[in-house]
$ cat protein_19.csv   # CSV, C-alpha atoms and all ligand atoms
chain,number,residue,atom,x,y,z
O,27,MET,CA,36.4,85.4,66.3
O,28,ILE,CA,39.7,85.2,68.1
O,29,ALA,CA,41.3,81.7,68.6
O,30,GLN,CA,41.0,81.9,72.4
O,31,THR,CA,37.2,82.4,72.2
O,32,ALA,CA,36.8,79.5,69.7
O,33,LEU,CA,38.9,77.4,72.0
O,34,ARG,CA,36.8,78.3,75.1
O,35,GLN,CA,33.5,77.6,73.4
O,36,ALA,CA,34.7,74.2,72.0
O,37,THR,CA,36.1,73.1,75.3
O,38,ALA,CA,32.8,73.9,77.0
O,39,GLN,CA,30.9,72.0,74.3
O,40,LEU,CA,33.1,68.9,74.8
O,41,THR,CA,33.0,69.2,78.6
O,42,ASP,CA,29.2,69.3,78.5
O,43,LEU,CA,29.2,66.0,76.6
O,44,GLY,CA,31.4,64.5,79.3
O,45,PHE,CA,34.7,64.2,77.5
O,46,GLU,CA,37.5,63.9,80.1
O,47,THR,CA,40.0,65.2,77.6
O,48,ALA,CA,37.9,68.1,76.5
O,49,ALA,CA,40.5,70.8,76.9
O,50,ARG,CA,43.3,68.8,75.3
O,51,ASP,CA,41.1,67.7,72.4
O,52,ALA,CA,39.9,71.2,71.7
O,53,ARG,CA,43.5,72.5,71.7
O,54,LEU,CA,44.8,69.7,69.4
O,55,LEU,CA,42.0,70.3,66.9
O,56,LEU,CA,42.4,74.1,67.0
O,57,ALA,CA,46.1,73.8,66.3
O,58,ALA,CA,45.5,71.5,63.4
O,59,SER,CA,42.8,73.9,62.0
O,60,MET,CA,45.3,76.7,62.2
O,61,GLY,CA,48.1,74.7,60.6
O,62,ILE,CA,50.4,75.1,63.6
O,63,SER,CA,52.0,72.7,66.0
O,64,PRO,CA,50.1,72.3,69.4
O,65,SER,CA,53.2,73.6,71.2
O,66,ARG,CA,52.8,77.0,69.5
O,67,LEU,CA,49.1,77.4,70.2
O,68,THR,CA,49.3,79.4,73.4
O,69,LEU,CA,51.4,82.0,71.5
O,70,GLU,CA,48.8,82.3,68.8
O,71,LEU,CA,45.6,82.5,70.9
O,72,SER,CA,45.1,86.2,70.2
O,73,GLN,CA,44.9,85.6,66.4
O,74,ILE,CA,41.7,86.3,64.6
O,75,LEU,CA,40.6,83.1,62.8
O,76,SER,CA,39.7,83.4,59.1
O,77,PRO,CA,36.2,82.1,58.2
O,78,THR,CA,37.8,79.1,56.5
O,79,VAL,CA,39.8,78.1,59.6
O,80,LEU,CA,36.8,78.7,61.9
O,81,ALA,CA,34.6,76.5,59.6
O,82,GLN,CA,37.2,73.8,59.6
O,83,TYR,CA,37.5,73.9,63.4
O,84,ASP,CA,33.7,73.8,63.9
O,85,GLU,CA,33.6,70.7,61.6
O,86,MET,CA,36.3,69.0,63.6
O,87,ILE,CA,34.6,69.7,66.9
O,88,ALA,CA,31.3,68.4,65.4
O,89,GLN,CA,33.1,65.2,64.5
O,90,ARG,CA,34.5,64.9,68.0
O,91,CYS,CA,31.0,65.3,69.4
O,92,THR,CA,30.1,62.0,67.6
O,93,TYR,CA,32.9,60.4,69.8
O,94,LYS,CA,35.3,60.1,66.8
O,95,PRO,CA,38.8,59.9,68.3
O,96,VAL,CA,41.0,62.9,67.7
O,97,SER,CA,43.6,60.7,65.9
O,98,ARG,CA,40.9,59.7,63.4
O,99,ILE,CA,39.8,63.3,62.8
O,100,LEU,CA,43.4,64.3,62.2
O,101,GLY,CA,44.2,61.1,60.2
O,102,HIS,CA,47.4,60.2,62.0
O,103,ARG,CA,48.7,58.7,65.3
O,104,GLU,CA,52.2,58.9,66.9
O,105,PHE,CA,53.8,55.5,67.6
O,106,TRP,CA,57.3,55.0,69.0
O,107,GLY,CA,58.2,58.5,68.1
O,108,ARG,CA,57.0,58.3,64.5
O,109,ARG,CA,53.8,59.6,62.8
O,110,PHE,CA,51.6,57.0,61.1
O,111,SER,CA,48.7,57.8,58.8
O,112,ILE,CA,45.5,56.0,59.6
O,113,THR,CA,42.3,55.5,57.7
O,114,PRO,CA,38.9,53.9,58.5
O,115,ASP,CA,40.4,50.6,57.2
O,116,VAL,CA,42.9,50.2,60.0
O,117,LEU,CA,42.9,50.0,63.8
O,118,ASP,CA,43.8,53.3,65.5
O,119,PRO,CA,47.2,52.2,67.0
O,120,ARG,CA,47.2,52.0,70.8
O,121,GLY,CA,49.9,53.2,73.1
O,122,ASP,CA,49.9,49.8,74.8
O,123,THR,CA,51.3,48.2,71.7
O,124,GLU,CA,54.6,50.0,72.3
O,125,THR,CA,55.1,47.4,75.0
O,126,LEU,CA,55.7,44.8,72.3
O,127,ILE,CA,58.3,47.0,70.6
O,128,GLY,CA,60.0,47.6,74.0
O,129,THR,CA,60.0,43.8,74.7
O,130,VAL,CA,61.6,42.7,71.4
O,131,LEU,CA,63.9,45.7,70.7
O,132,PRO,CA,66.9,44.6,72.8
O,133,GLN,CA,67.5,41.5,70.5
O,134,PRO,CA,67.6,42.6,66.9
O,135,ALA,CA,66.3,40.1,64.4
O,136,THR,CA,67.3,39.8,60.7
O,137,HIS,CA,64.1,38.4,59.2
O,138,VAL,CA,60.8,39.5,60.8
O,139,LEU,CA,57.2,38.6,60.1
O,140,ASP,CA,54.4,40.8,61.3
O,141,LEU,CA,51.0,39.1,61.2
O,142,GLY,CA,48.0,41.5,61.0
O,143,THR,CA,50.0,44.6,60.3
O,144,GLY,CA,47.1,47.1,60.1
O,145,SER,CA,48.7,50.5,59.7
O,146,GLY,CA,52.1,48.9,59.8
O,147,ILE,CA,53.2,50.2,63.2
O,148,LEU,CA,55.1,47.0,64.2
O,149,ALA,CA,56.6,46.2,60.8
O,150,VAL,CA,57.6,49.8,60.0
O,151,THR,CA,58.9,50.5,63.5
O,152,LEU,CA,61.1,47.4,63.6
O,153,ALA,CA,62.4,48.1,60.1
O,154,ALA,CA,63.2,51.7,61.1
O,155,GLU,CA,64.9,50.7,64.4
O,156,TRP,CA,66.9,47.8,62.9
O,157,PRO,CA,68.5,49.1,59.6
O,158,GLU,CA,69.8,45.7,58.6
O,159,THR,CA,66.4,43.9,59.0
O,160,SER,CA,64.0,42.8,56.3
O,161,VAL,CA,60.3,42.5,57.3
O,162,VAL,CA,57.3,40.7,55.8
O,163,ALA,CA,54.1,42.6,56.8
O,164,SER,CA,50.9,40.7,56.2
O,165,ASP,CA,47.2,41.3,56.7
O,166,ILE,CA,43.9,39.8,55.4
O,167,SER,CA,42.8,43.3,54.5
O,168,PRO,CA,44.2,44.7,51.2
O,169,LYS,CA,43.1,48.2,52.2
O,170,ALA,CA,45.1,47.9,55.5
O,171,LEU,CA,48.1,46.7,53.5
O,172,GLN,CA,47.9,49.9,51.3
O,173,VAL,CA,47.9,52.1,54.5
O,174,ALA,CA,50.9,50.1,55.8
O,175,GLN,CA,52.7,50.5,52.5
O,176,ASN,CA,52.1,54.2,52.4
O,177,ASN,CA,53.5,54.5,56.0
O,178,ALA,CA,56.6,52.4,55.1
O,179,GLU,CA,57.2,54.8,52.1
O,180,THR,CA,56.7,58.0,54.1
O,181,LEU,CA,59.0,56.7,56.9
O,182,GLY,CA,61.7,55.6,54.5
O,183,VAL,CA,61.7,51.8,55.0
O,184,ALA,CA,59.6,50.6,52.0
O,185,GLY,CA,62.7,49.0,50.4
O,186,ARG,CA,63.0,46.5,53.3
O,187,VAL,CA,59.3,45.7,54.0
O,188,GLN,CA,57.4,43.3,51.8
O,189,PHE,CA,53.6,43.4,51.9
O,190,VAL,CA,51.6,40.1,51.6
O,191,GLN,CA,47.9,39.6,51.7
O,192,SER,CA,47.3,36.5,53.8
O,193,ASP,CA,44.8,34.8,56.1
O,194,TRP,CA,47.3,34.4,59.0
O,195,PHE,CA,50.0,31.9,57.6
O,196,ASP,CA,48.1,30.8,54.4
O,197,GLY,CA,50.0,33.1,52.1
O,198,ILE,CA,53.3,33.2,54.0
O,199,THR,CA,56.5,31.6,52.8
O,200,GLY,CA,60.1,31.6,54.1
O,201,THR,CA,61.4,31.4,57.7
O,202,TYR,CA,61.9,34.1,60.3
O,203,ASP,CA,64.0,34.9,63.4
O,204,LEU,CA,61.1,36.9,64.9
O,205,ILE,CA,57.3,36.7,64.4
O,206,VAL,CA,55.3,39.6,65.9
O,207,SER,CA,51.5,40.1,66.0
O,208,ASN,CA,48.9,42.2,67.6
O,209,PRO,CA,45.9,40.1,66.5
O,210,PRO,CA,42.3,40.9,67.1
O,211,TYR,CA,41.6,39.5,70.6
O,212,ILE,CA,38.4,41.1,72.1
O,213,THR,CA,35.8,38.5,73.1
O,214,ASP,CA,32.2,38.4,72.0
O,215,ALA,CA,31.1,39.4,75.6
O,216,GLU,CA,33.6,42.3,75.7
O,217,MET,CA,32.5,43.6,72.2
O,218,ALA,CA,29.0,44.2,73.7
O,219,GLU,CA,30.5,46.5,76.3
O,220,LEU,CA,32.9,48.6,74.1
O,221,ARG,CA,32.9,52.4,74.2
O,222,PRO,CA,31.4,54.2,71.2
O,223,ASP,CA,34.9,55.7,70.3
O,224,VAL,CA,36.1,52.2,69.7
O,225,VAL,CA,33.2,50.2,68.4
O,226,ASN,CA,32.0,52.9,65.9
O,227,PHE,CA,35.4,53.7,64.4
O,228,ASP,CA,37.8,50.7,64.5
O,229,PRO,CA,37.1,48.0,61.9
O,230,THR,CA,35.4,45.0,63.5
O,231,ILE,CA,37.9,42.6,61.9
O,232,ALA,CA,40.7,44.5,63.7
O,233,LEU,CA,39.0,44.2,67.1
O,234,THR,CA,37.6,40.7,67.4
O,235,PRO,CA,38.0,37.2,66.0
O,236,GLY,CA,34.7,36.3,67.8
O,237,GLY,CA,34.2,33.7,70.6
O,238,ASP,CA,36.7,33.7,73.4
O,239,GLY,CA,39.1,36.0,71.5
O,240,LEU,CA,41.9,33.3,71.5
O,241,ASP,CA,41.6,31.8,68.0
O,242,PRO,CA,44.5,33.9,66.4
O,243,TYR,CA,46.8,32.7,69.3
O,244,ARG,CA,45.8,29.1,68.7
O,245,ILE,CA,46.7,29.5,65.0
O,246,ILE,CA,50.0,31.4,65.7
O,247,ALA,CA,51.1,29.0,68.5
O,248,GLU,CA,50.4,25.9,66.3
O,249,MET,CA,51.7,27.2,63.0
O,250,SER,CA,54.6,29.5,63.8
O,251,PRO,CA,57.2,26.7,64.5
O,252,GLN,CA,57.0,25.9,60.7
O,253,PHE,CA,58.0,29.5,59.9
O,254,LEU,CA,60.7,30.0,62.6
O,255,ASN,CA,64.4,29.6,62.3
O,256,ALA,CA,66.2,27.7,65.1
O,257,GLY,CA,66.1,29.7,68.3
O,258,GLY,CA,63.5,32.0,66.8
O,259,THR,CA,61.0,34.1,68.9
O,260,VAL,CA,57.3,34.8,68.7
O,261,ALA,CA,56.0,38.0,70.5
O,262,VAL,CA,52.2,38.6,70.6
O,263,GLU,CA,50.2,41.4,72.2
O,264,ILE,CA,47.4,40.0,74.5
O,265,GLY,CA,44.4,41.3,76.3
O,266,TRP,CA,45.2,42.0,80.0
O,267,CYS,CA,43.3,38.9,81.2
O,268,GLN,CA,44.5,36.5,78.5
O,269,GLY,CA,48.1,35.9,79.8
O,270,PRO,CA,47.7,32.4,81.4
O,271,SER,CA,45.6,31.1,78.4
O,272,VAL,CA,48.1,32.3,75.8
O,273,VAL,CA,51.1,31.0,77.8
O,274,GLU,CA,49.4,27.6,78.0
O,275,LEU,CA,48.8,27.6,74.2
O,276,PHE,CA,52.5,28.3,73.4
O,277,LYS,CA,53.7,25.7,76.0
O,278,LYS,CA,51.4,23.1,74.6
O,279,ALA,CA,52.8,23.8,71.1
O,280,GLY,CA,56.3,23.0,72.4
O,281,PHE,CA,57.9,26.4,72.9
O,282,SER,CA,60.7,26.3,75.5
O,283,HIS,CA,60.7,29.7,77.2
O,284,VAL,CA,57.3,31.4,77.5
O,285,GLU,CA,57.1,34.7,79.4
O,286,ILE,CA,54.5,37.5,80.1
O,287,TYR,CA,55.6,41.2,79.9
O,288,HIS,CA,53.6,44.0,81.5
O,289,ASP,CA,52.5,47.4,80.1
O,290,LEU,CA,52.9,50.8,81.8
O,291,ASP,CA,49.8,50.0,83.9
O,292,ASN,CA,51.5,46.8,85.1
O,293,LYS,CA,48.9,44.7,83.2
O,294,ASP,CA,49.8,41.6,81.2
O,295,ARG,CA,50.3,42.8,77.7
O,296,VAL,CA,52.8,40.7,75.7
O,297,VAL,CA,53.6,37.0,75.6
O,298,LEU,CA,57.1,36.2,74.3
O,299,ALA,CA,57.8,32.6,73.3
O,300,LYS,CA,61.2,31.1,72.2
O,301,TRP,CA,61.3,28.1,70.0
U,401,LIG,C1,44.4,44.6,66.4
U,401,LIG,S1,44.7,44.9,64.7
U,401,LIG,C2,46.4,45.3,64.8
U,401,LIG,C3,46.9,46.2,63.8
U,401,LIG,C4,48.4,46.7,64.0
U,401,LIG,N1,49.3,45.6,64.0
U,401,LIG,C5,48.4,47.5,65.3
U,401,LIG,O1,49.0,46.9,66.3
U,401,LIG,O2,47.9,48.6,65.4
U,401,LIG,C6,44.6,43.3,64.0
U,401,LIG,C7,44.9,43.2,62.5
U,401,LIG,O3,44.8,41.8,62.1
U,401,LIG,C8,44.2,41.8,60.9
U,401,LIG,N2,43.5,40.5,60.7
U,401,LIG,C9,42.3,40.1,61.2
U,401,LIG,N3,42.0,38.8,60.8
U,401,LIG,C10,43.1,38.4,60.1
U,401,LIG,C11,43.5,37.1,59.5
U,401,LIG,N4,42.6,36.1,59.5
U,401,LIG,N5,44.7,37.1,58.9
U,401,LIG,C12,45.5,38.1,58.9
U,401,LIG,N6,45.2,39.3,59.4
U,401,LIG,C13,44.1,39.4,60.1
U,401,LIG,C14,43.2,42.9,60.8
U,401,LIG,O4,42.9,43.3,59.5
U,401,LIG,C15,44.0,44.0,61.6
U,401,LIG,O5,44.7,44.8,60.7
$ encode --input "protein_19.csv" --output "structure tokens" --more "lines below"
Ligand SMILES: C[S@@+](CC[C@H](N)C(=O)[O-])C[C@H]1O[C@@H](n2cnc3c(N)ncnc32)[C@H](O)[C@@H]1O
Amino acid sequence: MIAQTALRQATAQLTDLGFETAARDARLLLAASMGISPSRLTLELSQILSPTVLAQYDEMIAQRCTYKPVSRILGHREFWGRRFSITPDVLDPRGDTETLIGTVLPQPATHVLDLGTGSGILAVTLAAEWPETSVVASDISPKALQVAQNNAETLGVAGRVQFVQSDWFDGITGTYDLIVSNPPYITDAEMAELRPDVVNFDPTIALTPGGDGLDPYRIIAEMSPQFLNAGGTVAVEIGWCQGPSVVELFKKAGFSHVEIYHDLDNKDRVVLAKW
């Protein structure tokens, strides 16, 4: 079968299942099966696919039909211009989290703590963007820490990132100029409504702390002053309707300047608090 026919069939299959991104998904998976970059695919569409490549493509399309996200099928996700490996043990990084990087990047920090590092996107990106900076990346999940460490090695910053297993601040020592976190923040009520591509593939511990979704912010607001240098900053990602509650938590904990930043959809996405 030629590549174009396989692509047409797969696109039709995904379209029938209601995937809005059917054509894009089918192209990305075909390019991966053929071992070429997606930008070359159009040039290669008249190629005859070998039985091995075709079987691999069919298998990938079958996985997508179970609502598995394309990034999970491929095992990687682009974040702030770098490729991060992901496994079933970590959250599939979201584009919205780039808002946090964009918010803190103008003010380089020397010592950074990333709480709930997952695949390491925040810790590794900040270490890569700030070559003088050392980062402590922590998570409660040892398997997530292994993924983050692998990404730090692949992206050449492992020498400046230390990995610590910790329940929020329990295993953290030292003080920092900047503490960042994208904690689990989905409420119990929202969990019941989640789409299958989220609820079936992201680890529950990465999605929700239970209840009203605010417990990690309560802990971070209350505890971080003990771990911040004078004039230090905390930046946390938030759910789009949590802004006022999270601002209130940081103000109550005694932070001086507390501000909300918006994502590309103009929704509340980051709270930045200065000590
Ligand atoms: C929303 S994910 C964020 C992962 C990554 N920072 C990102 O932005 O893609 C939240 C992370 O917090 C971790 N986590 C959950 N509970 C935790 C706890 N009590 N202490 C430390 N980390 C925790 C999860 O394992 C998960 O990796």
$ residues_near_ligand --input "protein_19.csv" --ligand "ligand LIG 401 (chain U)" --cutoff "7 Å" --atoms "all atoms listed in the file" --output "ChimeraX atom specification"
/O:116-120,123,141-148,164-167,170,192-194,207-210,231-233,235
$ closest_residue --input "protein_19.csv" --among "O:Ile74, O:Val190, O:Met217, O:Ala178" --to "Met27 (chain O)" --atoms "only C-alpha atoms"
O:Ile74
$ atom_distance --input "protein_19.csv" --atom1 "CA of Asn176 (chain O)" --atom2 "CA of Ala154 (chain O)"
14.3 Å
$ closest_residue --input "protein_19.csv" --among "O:Glu155, O:Asp122, O:Asp223, O:Glu85" --to "Asp291 (chain O)" --atoms "all atoms listed in the file"
O:Asp122
$ residues_near_point --input "protein_19.csv" --point "(50.5, 35.6, 78.9)" --cutoff "8 Å" --atoms "only C-alpha atoms" --output "number ranges by chain"
O: 264, 268-273, 285-287, 294-297
$ atom_distance --input "protein_19.csv" --atom1 "CA of Ala218 (chain O)" --atom2 "CA of Thr234 (chain O)"
11.2 Å
$ residues_around --input "protein_19.csv" --residues "region 253-261 of chain O" --least-positions-apart "6" --cutoff "8 Å" --atoms "all atoms listed in the file" --output "ChimeraX atom specification"
/O:126,130,199-207,296-301
$ atom_distance --input "protein_19.csv" --atom1 "CA of Cys267 (chain O)" --atom2 "CA of Asp289 (chain O)"
12.6 Å
$ closest_residue --input "protein_19.csv" --among "O:Gly101, O:Ala153, O:Val162, O:Asp51" --to "Gln39 (chain O)" --atoms "only C-alpha atoms"
O:Asp51
$ closest_residue --input "protein_19.csv" --among "O:Val262, O:Ala247, O:Leu33, O:Ala81" --to "Lys277 (chain O)" --atoms "all atoms listed in the file"
O:Ala247
$ residues_near_point --input "protein_19.csv" --point "(37.3, 70.8, 65.8)" --cutoff "8 Å" --atoms "only C-alpha atoms" --output "list in words"
Ala36, Ala52, Leu55, Leu56, Ser59, Gln82, Tyr83, Asp84, Glu85, Met86, Ile87, Ala88, Gln89 and Arg90 of chain O
$ closest_residue --input "protein_19.csv" --among "O:Thr129, O:Ser250, O:Thr37, O:Asn226" --to "Lys94 (chain O)" --atoms "only C-alpha atoms"
O:Asn226
$ closest_residue --input "protein_19.csv" --among "O:Gly265, O:Gly107, O:Gly61, O:Pro132" --to "Thr78 (chain O)" --atoms "only C-alpha atoms"
O:Gly61
